Amino acid sequence: MELSTDTLTKIDEVVARYPEKQSATLMVIHLIQDEKGCISDGAVEWIAERLEVEPVNIYEVVTFYPMIRREPWGKTHVRVCRTLPCALRGSYKTCRTLEEKLGVKEGHVSEDGDFSIEFMECLADCGKGPVVIVDEKTYEDVQGEAAEKFAELLKNHTLDKDRNFTSYEDGLAKPRKKTVASSKKGTGKK
Amino acid sequence: MAVAKEKRIILKYADARGYSNDLPCYLEHGGYDMLKKAVKSKPEDICEEVLKSGVRGRGGAGFPTGMKWKFLDRKSGKPIYLICNADESEPGTFKDRQIIYKDPHQLIEGMMISAYAIQAKQAFIYIRAEFFEGARILDRAIAEAKAKNLCGDNILGSGYSCEIVVHRGAGAYICGEETGLIESLEGKRPNPRIKPPYFPAVLGVYQCPTIVNNVETLCNVKHILEMGSDAFGQLGIPNNTGTRIWCVSGQVQKPGYFEFECGALTLGEMIYDVCGGLNPGRSLKAVIPGGSSAKVLRADERFTGTHKDGTDFDWGITDIPLDFDGPIAAGSMSGSGGIIVMDDSVDIVEALANINAFYAHESCGQCTPCREGSLWMRKITTRMCSGGAREEDSDLLVSVADQIEGRTICAFGEAAAWPTQSFVAKFKDEFIAKANQPAPDDDAEGPARLQLI
């Protein structure tokens, strides 16, 4: 398995943080998944060697956690919250609207690979459900007509530009002064 | 009587205009003053203050934090670890995210004070992976704090050193259970450990003494130091000290998160005054007061009994005080503070089916009663919603739930059983009625798709 220099550097940084190498398992998995989109058998063996454990130690982790993938999601991955508080505010309908507009059923990737939808468990933003996470941004109150509009924008890749939908992350107050470290460092998928 | 006003201590600045999550802003608001004070005090004095404050854990169990710290095994000579549980995954709970995203330095300061107090060698923040930006915000905040010598080596010249590492989970609810979290942090499947012997304070991460505290709890430590344990203990009511951040979701007009002194208001005041009441034309049907694991309360129930001090209580649902002990007295719990409100439009069987699907998905599979039982409860309630229910199904459901409770390594078993036990006990008529309903209509696409609300 080939990894970019950037990912390799980050892996070295992450592994060094823990008193025991195996502790870095999830963080290394995230870094590799961010680059490759999923964790292949080759990746399982690579991680095992890097962390000095048996491949089965990595494999049992990979097969347990819902967010670890054996096959990549679509280019844009849409997570819709299924759990009760969001369901009470219409998340089943929202999921269906997204499925219809994006042409892909939840749990699947569209034929052209552009979109995938995951109807998943509680995303911890229950006050303003239904909650939808697009890649890494959290959108609230995506229901009814708004959900139709949301799906349309998403399909046309213009959600970012629309002022009717501001993600929880983009709604945060911007840091007022230059900060020490770059905000893009470390975690998550680009 | 007028309804109490919010008392924002932890969320004092989170939503304040112009307040941002960077270090300069935090310092302008008096940030890290308490850490400066802490490192000049004796660690055991801080532990004593936390114990005296009476603060109880905000993650769900409500165990006194100072007591938890006292259980630390200090004789073994092994290094001590502090873990912040930022897995926030109990359905209905969204308070920790407000702290992490909007005021991360408050958490870091609370953690460093706590780490110093227990003399931790290293600290971890276990954050749920869906908080993508949250993890980046914490990483950035830690780097900022380190550059100013507020964590890391030789903190503020005190000779005490402690690194904080942000560790991301990967979407598993069970990682919110402290021993499951520890396994996950060690790079394993998060199968919870059995207690005894694996009490984290004795045998935690790497088999070393470990304290696992919730985000809100660790922030409280800072405020205990700032106010002093006596003043902190004056907030709220005896045995329920300080404030709590309540998260209200579901069918109210203005859901949200609100910080009040413990016991400052009732459930009814929260729903009707703070959250603007139910949607027009709707009436209250049920409330889950402490995250989806908590037992449901029926709107027309009476809750009667005797308090520990010997006084009697006789409450309707709206009279239940919002603190730790009130919801417990009403036969449920305040858990993680997630209040889920349901109005009369809700099909109660579908609501339970929705909850059961959650627990079946999230059971780690280690203990047979939970692994199998949660699946059967999901299957039965799903069948009920697909029109295939039988009248005896409600009894069958309860019998499955009863065989999970008390028979598992961790409290997930209870968390999975309590919704079924309480929903069926309190709404049995609706479960029976469901059995006599026809199946939903199929549509052009084939069989009707299951919609759990």
# chains A, B, ... in the order shown; residues from 1 in each chain; ligands from 1

call {"tool": "closest_atom_pairs", "arguments": {"of": "chain B", "to": "chain A", "cutoff": "7 Å", "atoms": "only C-alpha atoms", "output": "Markdown table"}}
result
| residue | atom | partner | partner_atom | distance |
| --- | --- | --- | --- | --- |
| B:Gly18 | CA | A:Ala173 | CA | 6.7 |
| B:Tyr19 | CA | A:Ala173 | CA | 6.7 |
| B:Ser20 | CA | A:Ala173 | CA | 5.1 |
| B:Asn21 | CA | A:Pro175 | CA | 6.2 |
| B:Asp22 | CA | A:Pro175 | CA | 5.5 |
| B:Glu88 | CA | A:Ala124 | CA | 6.5 |
| B:Ser89 | CA | A:Ala124 | CA | 6.1 |
| B:Pro91 | CA | A:Cys122 | CA | 5.6 |
| B:Gly92 | CA | A:Cys126 | CA | 5.5 |
| B:Thr93 | CA | A:Ala124 | CA | 5.8 |
| B:Phe94 | CA | A:Ala124 | CA | 4.8 |
| B:Glu130 | CA | A:Leu123 | CA | 6.8 |
| B:Phe132 | CA | A:Gly188 | CA | 5.6 |
| B:Glu133 | CA | A:Glu169 | CA | 7.0 |
| B:Ala135 | CA | A:Thr187 | CA | 6.7 |
| B:Arg136 | CA | A:Thr187 | CA | 6.1 |
| B:Ile137 | CA | A:Ser183 | CA | 6.9 |
| B:Arg140 | CA | A:Ala181 | CA | 5.6 |
| B:Ala143 | CA | A:Ala181 | CA | 6.3 |
| B:Glu144 | CA | A:Val180 | CA | 5.3 |
| B:Val165 | CA | A:Arg17 | CA | 6.9 |
| B:His167 | CA | A:Met27 | CA | 6.8 |
| B:Arg168 | CA | A:Met27 | CA | 6.5 |
| B:Gly169 | CA | A:Leu26 | CA | 6.8 |
| B:Ala170 | CA | A:Met67 | CA | 5.1 |
| B:Gly171 | CA | A:Met67 | CA | 5.4 |
| B:Ala172 | CA | A:Tyr65 | CA | 5.9 |
| B:Leu185 | CA | A:Ser23 | CA | 5.6 |
| B:Glu186 | CA | A:Ser23 | CA | 4.2 |
| B:Gly187 | CA | A:Ser23 | CA | 4.3 |
| B:Lys188 | CA | A:Val61 | CA | 6.0 |
| B:Arg189 | CA | A:Val61 | CA | 5.4 |
| B:Val248 | CA | A:Gly127 | CA | 6.2 |
| B:Ser249 | CA | A:Gly127 | CA | 4.6 |
| B:Gly250 | CA | A:Pro85 | CA | 5.1 |
| B:Gln251 | CA | A:Leu88 | CA | 6.9 |
| B:Pro255 | CA | A:Gly127 | CA | 5.2 |
| B:Gly256 | CA | A:Gly127 | CA | 5.0 |
| B:Ile340 | CA | A:Pro85 | CA | 6.6 |
| B:Ala351 | CA | A:Leu84 | CA | 6.8 |
| B:Asn354 | CA | A:Leu84 | CA | 6.0 |
| B:Ile355 | CA | A:Leu84 | CA | 6.4 |
| B:Phe358 | CA | A:Glu121 | CA | 6.6 |
| B:Gln451 | CA | A:Tyr92 | CA | 6.4 |
| B:Ile453 | CA | A:Ala87 | CA | 5.9 |

call {"tool": "write_last_selection", "arguments": {"atoms": "C-alpha atoms", "output": "PDB file, in the first residue's frame"}}
result
ATOM      1  CA  GLY B  18     -18.229  38.289  19.429  1.00  0.00           C
ATOM      2  CA  TYR B  19     -16.942  35.447  21.603  1.00  0.00           C
ATOM      3  CA  SER B  20     -14.742  33.136  19.572  1.00  0.00           C
ATOM      4  CA  ASN B  21     -13.036  29.867  20.363  1.00  0.00           C
ATOM      5  CA  ASP B  22      -9.436  31.053  20.174  1.00  0.00           C
ATOM      6  CA  GLU B  88     -21.583  12.599  23.476  1.00  0.00           C
ATOM      7  CA  SER B  89     -23.765   9.911  21.995  1.00  0.00           C
ATOM      8  CA  PRO B  91     -29.759  10.305  21.882  1.00  0.00           C
ATOM      9  CA  GLY B  92     -31.227  13.649  22.904  1.00  0.00           C
ATOM     10  CA  THR B  93     -27.964  15.089  24.200  1.00  0.00           C
ATOM     11  CA  PHE B  94     -26.122  17.924  22.486  1.00  0.00           C
ATOM     12  CA  GLU B 130     -18.762  12.823  13.812  1.00  0.00           C
ATOM     13  CA  PHE B 132     -14.960  16.440  12.624  1.00  0.00           C
ATOM     14  CA  GLU B 133     -14.463  20.148  13.160  1.00  0.00           C
ATOM     15  CA  ALA B 135     -11.579  17.560  16.934  1.00  0.00           C
ATOM     16  CA  ARG B 136      -9.746  20.143  14.828  1.00  0.00           C
ATOM     17  CA  ILE B 137     -10.874  22.931  17.157  1.00  0.00           C
ATOM     18  CA  ARG B 140      -5.823  23.888  17.594  1.00  0.00           C
ATOM     19  CA  ALA B 143      -1.535  23.803  20.348  1.00  0.00           C
ATOM     20  CA  GLU B 144      -2.374  27.376  21.390  1.00  0.00           C
ATOM     21  CA  VAL B 165      -4.152  13.986  23.236  1.00  0.00           C
ATOM     22  CA  HIS B 167      -8.486  10.725  20.248  1.00  0.00           C
ATOM     23  CA  ARG B 168     -11.308  10.248  17.774  1.00  0.00           C
ATOM     24  CA  GLY B 169     -13.793   7.412  18.005  1.00  0.00           C
ATOM     25  CA  ALA B 170     -15.459   5.924  14.944  1.00  0.00           C
ATOM     26  CA  GLY B 171     -19.218   6.051  15.404  1.00  0.00           C
ATOM     27  CA  ALA B 172     -19.889   3.539  18.170  1.00  0.00           C
ATOM     28  CA  LEU B 185      -8.515   4.122  23.432  1.00  0.00           C
ATOM     29  CA  GLU B 186      -6.202   1.139  23.703  1.00  0.00           C
ATOM     30  CA  GLY B 187      -6.922   0.388  20.042  1.00  0.00           C
ATOM     31  CA  LYS B 188      -9.321  -2.485  20.558  1.00  0.00           C
ATOM     32  CA  ARG B 189     -12.979  -3.291  20.090  1.00  0.00           C
ATOM     33  CA  VAL B 248     -34.630  19.723  24.942  1.00  0.00           C
ATOM     34  CA  SER B 249     -35.539  18.052  21.670  1.00  0.00           C
ATOM     35  CA  GLY B 250     -38.617  16.695  19.967  1.00  0.00           C
ATOM     36  CA  GLN B 251     -41.980  18.340  19.682  1.00  0.00           C
ATOM     37  CA  PRO B 255     -36.042  23.222  21.445  1.00  0.00           C
ATOM     38  CA  GLY B 256     -32.498  23.935  22.549  1.00  0.00           C
ATOM     39  CA  ILE B 340     -37.168  14.292  24.511  1.00  0.00           C
ATOM     40  CA  ALA B 351     -41.243   5.650  18.889  1.00  0.00           C
ATOM     41  CA  ASN B 354     -37.123   3.683  16.628  1.00  0.00           C
ATOM     42  CA  ILE B 355     -35.350   3.442  19.982  1.00  0.00           C
ATOM     43  CA  PHE B 358     -30.839   2.248  17.916  1.00  0.00           C
ATOM     44  CA  GLN B 451     -41.096   4.580   8.651  1.00  0.00           C
ATOM     45  CA  ILE B 453     -42.180   8.089  12.897  1.00  0.00           C
TER      46      ILE B 453
END

call {"tool": "residues_around", "arguments": {"residues": "region 413-417 of chain B", "least_positions_apart": "6", "cutoff": "6 Å", "atoms": "only C-alpha atoms", "output": "PyMOL selection string"}}
result
chain B and resi 293+359+370+401+404-405

call {"tool": "residues_around", "arguments": {"residues": "Ala439 (chain B)", "least_positions_apart": "4", "cutoff": "7 Å", "atoms": "only C-alpha atoms", "output": "CSV table (one decimal) with N, CA and C atoms, in the first residue's frame"}}
result
chain,number,residue,atom,x,y,z
B,386,SER,N,-45.0,-2.9,11.0
B,386,SER,CA,-45.2,-3.3,9.6
B,386,SER,C,-46.5,-4.0,9.4
B,387,GLY,N,-47.3,-4.0,10.5
B,387,GLY,CA,-48.7,-4.6,10.4
B,387,GLY,C,-48.7,-6.1,10.7
B,388,GLY,N,-47.6,-6.6,11.2
B,388,GLY,CA,-47.6,-8.1,11.5
B,388,GLY,C,-47.7,-8.4,13.0

call {"tool": "closest_residue", "arguments": {"among": "A:Thr94, A:Gln143, A:Thr76, A:Asn164", "to": "Ser116 (chain A)", "atoms": "only C-alpha atoms"}}
result
A:Thr76

call {"tool": "atom_distance", "arguments": {"atom1": "CA of Asn220 (chain B)", "atom2": "CA of Ile10 (chain B)"}}
result
7.2 Å

call {"tool": "closest_residue", "arguments": {"among": "A:Val142, A:Ala43, A:Cys95, A:Leu159", "to": "Pro55 (chain A)", "atoms": "only C-alpha atoms"}}
result
A:Ala43

call {"tool": "residues_around", "arguments": {"residues": "Glu71 (chain A)", "least_positions_apart": "2", "cutoff": "10 Å", "atoms": "only C-alpha atoms", "output": "PyMOL selection string"}}
result
chain A and resi 33+36-40+68-69+73-74+109

call {"tool": "write_last_selection", "arguments": {"atoms": "N, CA and C atoms", "output": "tab-separated table (two decimals), in the first residue's frame"}}
result
chain	number	residue	atom	x	y	z
A	33	GLN	N	-7.98	6.24	5.97
A	33	GLN	CA	-9.29	6.32	5.32
A	33	GLN	C	-9.52	7.68	4.66
A	36	LYS	N	-7.47	7.23	1.41
A	36	LYS	CA	-7.86	6.16	0.48
A	36	LYS	C	-9.39	5.98	0.36
A	37	GLY	N	-10.13	6.51	1.28
A	37	GLY	CA	-11.58	6.35	1.23
A	37	GLY	C	-12.07	5.13	1.96
A	38	CYS	N	-11.19	4.17	2.20
A	38	CYS	CA	-11.59	2.97	2.94
A	38	CYS	C	-10.35	2.25	3.45
A	39	ILE	N	-10.58	1.19	4.21
A	39	ILE	CA	-9.47	0.40	4.75
A	39	ILE	C	-9.48	-0.97	4.05
A	40	SER	N	-8.53	-1.17	3.17
A	40	SER	CA	-8.44	-2.43	2.43
A	40	SER	C	-7.70	-3.47	3.28
A	68	ILE	N	-15.87	3.05	9.97
A	68	ILE	CA	-14.72	2.53	9.22
A	68	ILE	C	-15.24	1.74	8.03
A	69	ARG	N	-14.74	2.06	6.85
A	69	ARG	CA	-15.27	1.53	5.61
A	69	ARG	C	-14.35	0.51	4.97
A	73	TRP	N	-17.22	5.46	0.29
A	73	TRP	CA	-18.50	6.10	0.04
A	73	TRP	C	-18.37	6.92	-1.24
A	74	GLY	N	-19.44	7.62	-1.61
A	74	GLY	CA	-19.40	8.46	-2.81
A	74	GLY	C	-18.53	9.68	-2.61
A	109	VAL	N	-24.01	3.72	-2.73
A	109	VAL	CA	-23.32	4.77	-3.48
A	109	VAL	C	-23.99	4.87	-4.85

call {"tool": "select_by_dssp", "arguments": {"residues": "region 289-396 of chain B", "states": "strand (DSSP E or B)", "output": "PyMOL selection string"}}
result
chain B and resi 297-298+302-306+312-316+321+338-343

call {"tool": "write_last_selection", "arguments": {"atoms": "C-alpha atoms", "output": "PDB file, in the first residue's frame"}}
result
ATOM      1  CA  LEU B 297     -42.919   9.350  31.542  1.00  0.00           C
ATOM      2  CA  ARG B 298     -46.570   9.391  30.529  1.00  0.00           C
ATOM      3  CA  ARG B 302     -49.089  10.591  38.923  1.00  0.00           C
ATOM      4  CA  PHE B 303     -45.743  10.171  40.606  1.00  0.00           C
ATOM      5  CA  THR B 304     -45.978   9.605  44.326  1.00  0.00           C
ATOM      6  CA  GLY B 305     -43.580   8.520  47.023  1.00  0.00           C
ATOM      7  CA  THR B 306     -41.454   9.614  49.914  1.00  0.00           C
ATOM      8  CA  ASP B 312     -44.041  12.897  50.648  1.00  0.00           C
ATOM      9  CA  PHE B 313     -44.425  13.963  47.063  1.00  0.00           C
ATOM     10  CA  ASP B 314     -47.317  13.705  44.664  1.00  0.00           C
ATOM     11  CA  TRP B 315     -46.425  15.024  41.238  1.00  0.00           C
ATOM     12  CA  GLY B 316     -47.923  15.243  37.819  1.00  0.00           C
ATOM     13  CA  PRO B 321     -38.128  19.053  39.443  1.00  0.00           C
ATOM     14  CA  GLY B 338     -31.503  15.035  27.206  1.00  0.00           C
ATOM     15  CA  ILE B 339     -35.228  15.748  27.446  1.00  0.00           C
ATOM     16  CA  ILE B 340     -37.168  14.292  24.511  1.00  0.00           C
ATOM     17  CA  VAL B 341     -40.734  15.597  24.246  1.00  0.00           C
ATOM     18  CA  MET B 342     -43.482  13.761  22.379  1.00  0.00           C
ATOM     19  CA  ASP B 343     -46.933  15.159  21.615  1.00  0.00           C
TER      20      ASP B 343
END

call {"tool": "select_by_dssp", "arguments": {"residues": "region 76-215 of chain B", "states": "alpha helix (DSSP H)", "output": "MDAnalysis selection string"}}
result
chainID B and resid 96:102 104:118 132:147 178:185 215

call {"tool": "closest_residue", "arguments": {"among": "B:Ile164, B:Ile99, B:Ala425, B:Ala389", "to": "Asp15 (chain B)", "atoms": "only C-alpha atoms"}}
result
B:Ile99

call {"tool": "atom_distance", "arguments": {"atom1": "CA of Leu3 (chain A)", "atom2": "CA of Pro72 (chain A)"}}
result
16.2 Å
